[in-house]
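One structure is given below, encoded as structure tokens.
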Amino acid sequence: MMMTIKSSTLSTVMASIALLLLSSTTYAQQEQQQIIAACNPTTSAECATTSNRTCYNYTTTSSHECTTCLNGFIEYDSTCYNIIELQKETQFFDILSTMIDVFTPIYVKDHNITREERINRLLDSAKEISYWDSLVPPVYFKLKLNTESTLTNEERKMRLGVISSIGFDLEGE
């Protein structure tokens, strides 16, 4: 027996699941925020200059750690790269080209989207990921570049059969 679900019903279910996940993490996130705080300026500068990373100060142990990439940087192959530098015709542009090859799924390689459009989609995703991952105290989720990072809405609809309206909108900030 085949079950069909209306697009609006699927969106409602997805939104409900997202709200459930967010509400269930509230307590854990509050606990995490009490444990992790911003580092002092000296330690923050050390993490920023040596590895382009955010500094977490663990209040319960009085220790610090250079963790996620700073806002404006994206992690690839264990290194934090400046997103703006990736766009320039420098040594980093080769890294960006490699990222496009890695993160563009095989099933869309013959699509009518130009390489420049794919690069722009990847960079837009990188900017949003960078913002969320660099917050101190950290958010309770971790974002990474993946095969969804270069897709258009039409390609997502082709793959999923529906376009979700759930997402981040940083335009209004």
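Residue names in the structure tokens use chain letters A, B, ... in the order shown, residue numbers from 1 in each chain, and ligand numbers from 1 in the order shown.
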Give one line per residue of segment 72-141 of chain A that approaches segment 45-57 of chain A to at most 10 Å, naming the two atoms of the closest pair and their distance in Å to one decimal, counting only C-alpha atoms; sort by chain then ascending residue number and deliver it as JSON lines.
{"residue": "A:Gly72", "atom": "CA", "partner": "A:Asn52", "partner_atom": "CA", "distance": 9.5}
{"residue": "A:Phe73", "atom": "CA", "partner": "A:Asn52", "partner_atom": "CA", "distance": 7.3}
{"residue": "A:Ile74", "atom": "CA", "partner": "A:Asn52", "partner_atom": "CA", "distance": 9.5}
{"residue": "A:Glu75", "atom": "CA", "partner": "A:Arg53", "partner_atom": "CA", "distance": 9.6}
{"residue": "A:Thr79", "atom": "CA", "partner": "A:Ser51", "partner_atom": "CA", "distance": 7.9}
{"residue": "A:Cys80", "atom": "CA", "partner": "A:Asn52", "partner_atom": "CA", "distance": 6.1}
{"residue": "A:Tyr81", "atom": "CA", "partner": "A:Asn52", "partner_atom": "CA", "distance": 7.9}
{"residue": "A:Asn82", "atom": "CA", "partner": "A:Asn52", "partner_atom": "CA", "distance": 8.4}
{"residue": "A:Asp133", "atom": "CA", "partner": "A:Thr54", "partner_atom": "CA", "distance": 9.1}
{"residue": "A:Ser134", "atom": "CA", "partner": "A:Thr54", "partner_atom": "CA", "distance": 6.2}
{"residue": "A:Leu135", "atom": "CA", "partner": "A:Thr54", "partner_atom": "CA", "distance": 8.2}
{"residue": "A:Val136", "atom": "CA", "partner": "A:Tyr56", "partner_atom": "CA", "distance": 7.1}
{"residue": "A:Pro137", "atom": "CA", "partner": "A:Tyr56", "partner_atom": "CA", "distance": 7.5}
{"residue": "A:Pro138", "atom": "CA", "partner": "A:Tyr56", "partner_atom": "CA", "distance": 8.6}
Show which residues sit within 9 Å of Leu151 of chain A, as a count of residues only. Count only C-alpha atoms, and ignore same-chain residues fewer than 2 positions away. 13
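If you measure from each of A:Tyr107, A:Ile113, A:Ile119, A:Ser44 to Ile95 of chain A using only C-alpha atoms, the closest one turns out to be A:Ile119.
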